[in-house]
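Text of the file entry.txt, holding compact mmCIF, C-alpha atoms:
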# COMPACT_ATOMS: atom_id res chain seq x y z
CA MET A 1 14.16 11.07 -16.43
CA PHE A 2 10.90 11.70 -14.59
CA GLN A 3 10.13 14.94 -12.78
CA VAL A 4 8.78 15.21 -9.26
CA CYS A 5 5.88 17.65 -9.76
CA GLU A 6 4.76 17.73 -6.15
CA LYS A 7 6.14 16.49 -2.85
CA LYS A 8 4.30 16.50 0.46
CA ARG A 9 5.14 15.06 3.87
CA LEU A 10 2.08 13.17 5.13
CA ASN A 11 3.52 12.27 8.51
CA PRO A 12 7.03 12.04 10.03
CA THR A 13 7.93 8.89 8.06
CA VAL A 14 5.58 8.92 5.05
CA THR A 15 5.85 11.10 1.94
CA MET A 16 3.67 11.62 -1.11
CA MET A 17 5.12 12.40 -4.55
CA LYS A 18 3.42 13.17 -7.84
CA ILE A 19 5.56 12.07 -10.75
CA LYS A 20 5.18 13.31 -14.34
CA ALA A 21 4.73 10.04 -16.24
CA PRO A 22 2.00 10.42 -18.92
CA LEU A 23 2.31 6.93 -20.40
CA VAL A 24 2.02 5.29 -16.99
CA ALA A 25 -0.87 7.53 -15.95
CA LYS A 26 -2.71 6.66 -19.16
CA LYS A 27 -2.93 2.95 -18.27
CA ALA A 28 -2.71 2.82 -14.46
CA GLU A 29 -5.47 1.19 -12.42
CA PRO A 30 -5.94 0.65 -8.65
CA GLY A 31 -3.94 -2.28 -7.31
CA GLN A 32 -1.09 -1.91 -9.78
CA PHE A 33 2.44 -0.75 -9.05
CA ILE A 34 5.46 0.87 -10.65
CA ILE A 35 9.18 0.15 -10.40
CA LEU A 36 11.56 3.07 -9.98
CA ARG A 37 15.26 3.80 -9.68
CA VAL A 38 16.34 7.03 -8.08
CA ASP A 39 19.56 7.19 -10.11
CA GLU A 40 21.31 5.10 -12.76
CA ASN A 41 23.15 3.02 -10.16
CA GLY A 42 20.18 2.73 -7.84
CA GLU A 43 18.23 -0.23 -6.58
CA ARG A 44 14.96 -1.06 -8.34
CA ILE A 45 12.01 -0.95 -5.96
CA PRO A 46 8.26 -1.46 -6.48
CA LEU A 47 5.80 1.11 -5.16
CA THR A 48 2.04 0.98 -5.44
CA VAL A 49 0.16 3.47 -7.60
CA ALA A 50 -1.59 5.55 -4.93
CA ASP A 51 -3.45 7.70 -7.47
CA PHE A 52 -3.21 8.95 -11.03
CA ASP A 53 -4.35 11.89 -13.15
CA ARG A 54 -4.68 10.92 -16.79
CA GLU A 55 -5.38 14.49 -17.91
CA ASN A 56 -2.26 15.96 -16.29
CA GLY A 57 -0.17 12.84 -16.85
CA THR A 58 0.87 12.34 -13.25
CA VAL A 59 1.13 9.28 -11.03
CA THR A 60 1.07 9.55 -7.24
CA ILE A 61 3.28 7.36 -5.08
CA ILE A 62 3.36 7.22 -1.30
CA TYR A 63 6.36 5.70 0.46
CA GLN A 64 7.59 5.11 3.98
CA LEU A 65 11.17 5.73 5.03
CA VAL A 66 12.24 2.17 5.83
CA GLY A 67 15.35 1.45 3.76
CA SER A 68 18.24 2.94 1.81
CA THR A 69 16.37 3.52 -1.44
CA THR A 70 13.39 5.29 0.14
CA LYS A 71 15.90 7.49 1.99
CA LYS A 72 17.56 8.40 -1.33
CA LEU A 73 14.18 8.97 -2.94
CA ASP A 74 13.22 11.30 -0.11
CA ALA A 75 16.31 13.40 -0.82
CA VAL A 76 14.86 14.33 -4.23
CA GLU A 77 13.03 17.63 -3.92
CA GLU A 78 10.05 19.01 -5.81
CA GLY A 79 11.19 19.91 -9.32
CA GLY A 80 13.94 17.30 -9.24
CA TYR A 81 14.11 14.07 -11.22
CA ILE A 82 14.29 10.34 -10.69
CA HIS A 83 15.99 8.13 -13.25
CA ASP A 84 13.45 5.36 -14.00
CA PHE A 85 9.70 5.04 -13.49
CA VAL A 86 8.22 1.95 -15.15
CA GLY A 87 4.65 0.66 -15.13
CA PRO A 88 1.88 0.02 -14.57
CA LEU A 89 2.71 -3.52 -13.44
CA GLY A 90 0.75 -6.25 -11.70
CA ARG A 91 -2.89 -7.15 -12.03
CA ALA A 92 -5.43 -4.41 -11.40
CA SER A 93 -7.85 -4.89 -8.52
CA GLU A 94 -11.19 -6.41 -9.54
CA THR A 95 -13.81 -3.76 -8.87
CA GLU A 96 -16.62 -4.49 -11.33
CA GLY A 97 -19.99 -5.76 -10.13
CA LEU A 98 -19.54 -5.02 -6.43
CA LYS A 99 -22.45 -3.29 -4.69
CA LYS A 100 -21.23 -2.88 -1.12
CA VAL A 101 -17.66 -3.27 0.08
CA ALA A 102 -15.63 -2.66 3.23
CA VAL A 103 -12.15 -1.40 2.43
CA ILE A 104 -9.66 -1.71 5.28
CA GLY A 105 -6.31 0.04 5.41
CA GLY A 106 -3.63 -0.19 8.06
CA GLY A 107 -0.90 2.44 8.37
CA VAL A 108 0.88 3.18 5.11
CA GLY A 109 -1.24 0.41 3.55
CA CYS A 110 -3.94 3.09 3.36
CA ALA A 111 -2.04 4.44 0.36
CA ILE A 112 -2.90 1.21 -1.45
CA ALA A 113 -6.43 0.97 -0.09
CA TYR A 114 -7.38 4.51 -1.10
CA PRO A 115 -7.27 4.16 -4.92
CA THR A 116 -9.37 0.99 -4.69
CA ALA A 117 -11.95 2.74 -2.51
CA LYS A 118 -11.97 5.70 -4.90
CA LYS A 119 -12.51 3.51 -7.98
CA LEU A 120 -15.33 1.55 -6.30
CA HIS A 121 -16.99 4.80 -5.26
CA GLU A 122 -16.78 6.11 -8.83
CA LEU A 123 -18.45 2.92 -10.06
CA GLY A 124 -21.41 3.50 -7.75
CA CYS A 125 -20.49 0.95 -5.10
CA GLU A 126 -21.34 1.72 -1.47
CA VAL A 127 -17.94 1.89 0.19
CA HIS A 128 -17.29 1.70 3.92
CA ALA A 129 -13.67 2.36 4.86
CA ILE A 130 -11.94 1.39 8.07
CA VAL A 131 -8.48 2.88 8.50
CA GLY A 132 -6.16 2.22 11.41
CA PHE A 133 -3.00 3.87 12.75
CA ARG A 134 -0.87 3.60 15.86
CA ASN A 135 -1.57 7.22 16.86
CA LYS A 136 -2.85 10.59 15.66
CA ASP A 137 0.54 11.72 14.29
CA LEU A 138 0.60 8.86 11.77
CA VAL A 139 -2.82 9.45 10.20
CA ILE A 140 -2.76 9.91 6.41
CA LEU A 141 -5.34 10.43 3.64
CA GLU A 142 -8.27 11.07 5.98
CA ASP A 143 -9.85 13.72 3.72
CA GLU A 144 -9.32 11.58 0.63
CA PHE A 145 -11.12 8.63 2.21
CA LYS A 146 -13.98 10.86 3.36
CA ALA A 147 -14.50 12.04 -0.22
CA SER A 148 -14.54 8.48 -1.61
CA THR A 149 -16.70 6.62 0.90
CA SER A 150 -20.17 6.73 2.39
CA LYS A 151 -18.84 5.71 5.80
CA LEU A 152 -15.38 6.18 7.29
CA VAL A 153 -14.28 4.68 10.60
CA LEU A 154 -10.86 5.81 11.82
CA VAL A 155 -9.22 3.95 14.70
CA THR A 156 -5.96 4.40 16.57
CA ASP A 157 -4.20 1.95 18.86
CA ASP A 158 -3.84 4.52 21.65
CA GLY A 159 -7.13 6.35 21.16
CA SER A 160 -5.39 9.67 20.40
CA TYR A 161 -7.64 10.18 17.36
CA GLY A 162 -10.85 8.62 16.13
CA THR A 163 -11.91 5.52 18.04
CA LYS A 164 -9.53 3.54 20.22
CA GLY A 165 -9.08 -0.01 18.98
CA LEU A 166 -8.12 -2.17 16.04
CA VAL A 167 -9.56 -2.32 12.53
CA THR A 168 -10.90 -5.79 13.34
CA ASP A 169 -12.87 -4.33 16.25
CA ALA A 170 -14.46 -1.77 13.94
CA LEU A 171 -15.20 -4.33 11.23
CA LYS A 172 -16.82 -6.73 13.70
CA ALA A 173 -18.97 -3.92 15.09
CA LEU A 174 -20.20 -2.99 11.60
CA ILE A 175 -20.99 -6.59 10.69
CA GLU A 176 -22.82 -7.23 13.95
CA SER A 177 -24.80 -4.01 13.51
CA GLY A 178 -26.30 -5.53 10.37
CA GLU A 179 -24.00 -4.31 7.58
CA GLN A 180 -23.73 -6.91 4.82
CA TYR A 181 -20.77 -6.75 2.47
CA ASP A 182 -20.23 -8.41 -0.89
CA GLU A 183 -16.52 -8.30 -0.18
CA VAL A 184 -13.91 -7.05 2.27
CA ILE A 185 -10.66 -5.67 0.87
CA ALA A 186 -7.79 -5.47 3.36
CA ILE A 187 -4.39 -3.86 2.83
CA GLY A 188 -1.78 -3.25 5.50
CA PRO A 189 0.67 -5.07 7.77
CA LEU A 190 0.63 -8.84 7.38
CA ILE A 191 -0.53 -9.38 10.95
CA MET A 192 -3.47 -7.04 10.38
CA MET A 193 -4.52 -8.79 7.18
CA LYS A 194 -4.21 -12.18 8.87
CA PHE A 195 -6.67 -11.27 11.62
CA VAL A 196 -9.06 -9.49 9.26
CA CYS A 197 -9.23 -12.71 7.24
CA LYS A 198 -9.68 -14.79 10.38
CA LEU A 199 -12.66 -12.61 11.33
CA THR A 200 -14.32 -12.52 7.91
CA LYS A 201 -13.95 -16.27 7.54
CA GLU A 202 -16.17 -16.68 10.61
CA TYR A 203 -18.87 -14.65 8.84
CA GLY A 204 -18.35 -16.19 5.41
CA ILE A 205 -17.43 -12.89 3.72
CA LYS A 206 -15.14 -13.04 0.70
CA THR A 207 -11.92 -11.20 1.50
CA VAL A 208 -9.23 -9.94 -0.85
CA VAL A 209 -5.79 -8.96 0.45
CA SER A 210 -2.97 -7.12 -1.27
CA MET A 211 0.49 -8.63 -1.01
CA ASN A 212 2.31 -5.45 -2.03
CA PRO A 213 4.05 -5.31 1.38
CA ILE A 214 6.16 -8.39 0.58
CA MET A 215 7.33 -7.40 -2.91
CA VAL A 216 11.05 -6.75 -3.36
CA ASP A 217 12.14 -6.42 -7.00
CA GLY A 218 8.70 -6.46 -8.67
CA THR A 219 9.52 -9.11 -11.28
CA GLY A 220 9.29 -12.43 -9.41
CA MET A 221 12.96 -13.25 -10.05
CA CYS A 222 14.17 -12.57 -6.52
CA GLY A 223 11.65 -14.90 -4.90
CA GLY A 224 11.11 -12.48 -2.03
CA CYS A 225 7.41 -12.18 -2.79
CA ARG A 226 6.83 -15.92 -2.90
CA LEU A 227 3.79 -17.03 -0.94
CA THR A 228 1.54 -20.03 -0.55
CA VAL A 229 -2.08 -19.58 -1.62
CA GLY A 230 -4.40 -22.55 -1.28
CA GLY A 231 -1.40 -24.88 -1.09
CA GLU A 232 0.13 -23.52 -4.32
CA THR A 233 3.19 -21.31 -4.71
CA LYS A 234 2.45 -17.84 -6.08
CA PHE A 235 4.42 -14.66 -6.63
CA ALA A 236 2.85 -11.39 -5.51
CA CYS A 237 4.32 -9.25 -8.29
CA VAL A 238 3.31 -11.47 -11.22
CA ASP A 239 0.32 -13.48 -9.96
CA GLY A 240 -1.08 -10.65 -7.82
CA PRO A 241 -0.75 -8.53 -5.86
CA ASP A 242 -4.38 -9.32 -4.91
CA PHE A 243 -5.27 -12.77 -3.55
CA ASP A 244 -8.08 -14.57 -1.74
CA GLY A 245 -7.16 -13.82 1.86
CA HIS A 246 -8.76 -16.99 3.20
CA LEU A 247 -6.30 -19.08 1.18
CA VAL A 248 -3.08 -17.19 2.04
CA ASP A 249 -0.56 -18.72 4.45
CA PHE A 250 0.23 -15.59 6.47
CA ASP A 251 2.38 -17.36 9.08
CA GLU A 252 4.80 -18.55 6.41
CA MET A 253 5.13 -15.04 4.99
CA MET A 254 5.66 -13.36 8.33
CA GLU A 255 8.41 -15.81 9.23
CA ARG A 256 10.22 -15.12 5.94
CA ASN A 257 9.86 -11.35 6.27
CA ARG A 258 11.66 -11.38 9.61
CA MET A 259 14.86 -12.40 7.78
CA TYR A 260 15.11 -9.00 6.05
CA GLY A 261 14.87 -6.81 9.15
CA ASP A 262 18.55 -6.51 10.13
CA PHE A 263 19.75 -6.06 6.53
CA GLU A 264 17.17 -3.35 5.84
CA ARG A 265 18.10 -1.45 9.00
CA HIS A 266 21.85 -1.54 8.24
CA LYS A 267 21.34 -0.33 4.65
CA TYR A 268 19.16 2.52 5.89
CA GLU A 269 21.81 3.60 8.41
CA ASP A 270 24.58 3.43 5.79
CA THR A 271 22.57 5.59 3.40
CA CYS A 272 21.78 8.15 6.10
CA ASN A 273 25.51 8.46 6.86
CA LEU A 274 26.35 8.84 3.16
CA LEU A 275 23.72 11.53 2.56
CA ASN A 276 24.82 13.42 5.66
CA LYS A 277 28.41 13.46 4.39
CA GLU A 278 27.27 14.81 1.01
CA ILE A 279 25.37 17.61 2.72
Output the file's structure as C-alpha cells, nothing else.
Amino acid sequence: MFQVCEKKRLNPTVTMMKIKAPLVAKKAEPGQFIILRVDENGERIPLTVADFDRENGTVTIIYQLVGSTTKKLDAVEEGGYIHDFVGPLGRASETEGLKKVAVIGGGVGCAIAYPTAKKLHELGCEVHAIVGFRNKDLVILEDEFKASTSKLVLVTDDGSYGTKGLVTDALKALIESGEQYDEVIAIGPLIMMKFVCKLTKEYGIKTVVSMNPIMVDGTGMCGGCRLTVGGETKFACVDGPDFDGHLVDFDEMMERNRMYGDFERHKYEDTCNLLNKEI
C-alpha cells in the first residue's frame, strides 16, 4: 500500500498527488512513468512521473479526470492509500549535452513537460518554455515553470490569460525573432504535437515528442500504444515514450484514439454513479 502524502486540485479537472514511494523516487527520471492500481480489483493505468523527491521518498503524479480509474483515484483523500504503485518504467528523456531547448506543453501535458524542463535547467541548459491552455481556469504549474526556465511564454486559446493564440504561434515568433534551439520538446494533445512538428520541420529543428497520451496498460501487451515511427511499428510504453516527432505518423494515431472515446465516457459515467451511491 502506498500513502497519499499530499493532494491538491490544480484546476477543475486536474489533480496533483504526492505518493510515498521511496524505491520509485530513488530511480525516477523525467520522461518515465509509473503504473498504479487504486484497489486490488482495480484497473492498471500508467501515469507520468511529474516530479520526485529522493530525500523525502515521494513521487508526484498529475492526472486528469477522464475515465473510471482516475475518478476512483480522485476519491482517495490525503492520508489515504492506493494499492499498487510500480515504477519507474519507460525510457528516461535524453537531456545530456543540450545547450538551448524549447519545451512545449499543452494542457495537462504540461505535467510531463515540467520535469523535463526542470532537469534541463538543473544541467545548465537554457530553457524556454511555451505552455498553452484553453483558458485561464485551466492553467497549471505556472510558478513551477517560471522557476525552471529562463523564458516562459503562456498562451490561451481565448486570450483570458497570457497571450491569445496557440503554442505554434509562440514558437514561430521566437524562432523568427532569432532564437536558435538545439532541440524542441513537445508534449500535449496529439493534434498539438503534430503541428509543432510540422512547424519545426520547416526550420530543420530536431523535435522530440512524448507519446504518453496514447498509453493504456503500460506494458505493450494491449497494443493501444502502437504507433508508426519512420515506417516501423513501435510501442510507446516499451520503445518510448519519447520519439523523433518528424518520423511519427500522427494521423494514424489520432484515428485510432477516436475509437476509445465512447467507451471511456460510459465507464466514467458508471463509476460516478457507483461512487455517488456509496456516498
I'd like the neighbourhood of region 24-26 of chain A as JSON, numbers by chain, where a residue qualifies if any of its atoms comes within 6 Å (using all atoms listed in the file), though same-chain residues fewer than 4 positions away should be ignored. {"A": [52, 54, 57, 58, 59, 87, 88]}
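Shortest atom-to-atom contact with Thr60 (chain A) among A:Gly79, A:Pro115, A:Gly90, A:Gly97: A:Pro115, counting all atoms listed in the file.
Among the candidates A:Phe2, A:Phe243, A:Phe85, A:Tyr161, the residue lying nearest to Val208 (chain A) is A:Phe243 (atoms considered: only C-alpha atoms).
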Counting all atoms listed in the file, what is within 6 Å of Val14 (chain A), bar same-chain residues fewer than 2 positions away, as a PDB file with C-alpha atoms, keeping the file's coordinate frame?
ATOM      1  CA  LEU A  10       2.080  13.170   5.130  1.00  0.00           C
ATOM      2  CA  ASN A  11       3.520  12.270   8.510  1.00  0.00           C
ATOM      3  CA  TYR A  63       6.360   5.700   0.460  1.00  0.00           C
ATOM      4  CA  GLN A  64       7.590   5.110   3.980  1.00  0.00           C
TER       5      GLN A  64
END
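The residue that comes closest to Phe235 (chain A), out of A:Ala186, A:Asp51, A:Arg91, A:Glu202 and on the basis of all atoms listed in the file, is A:Arg91.
Among A:Arg44, A:Arg9, A:Lys118, A:Lys151, the residue with the shortest atom-to-atom distance to Glu179 (chain A), counting all atoms listed in the file, is A:Lys151.
Comparing A:His246, A:Lys136, A:His128, A:Lys72 by their smallest distance to Val153 (chain A), the closest is A:His128 (using all atoms listed in the file).
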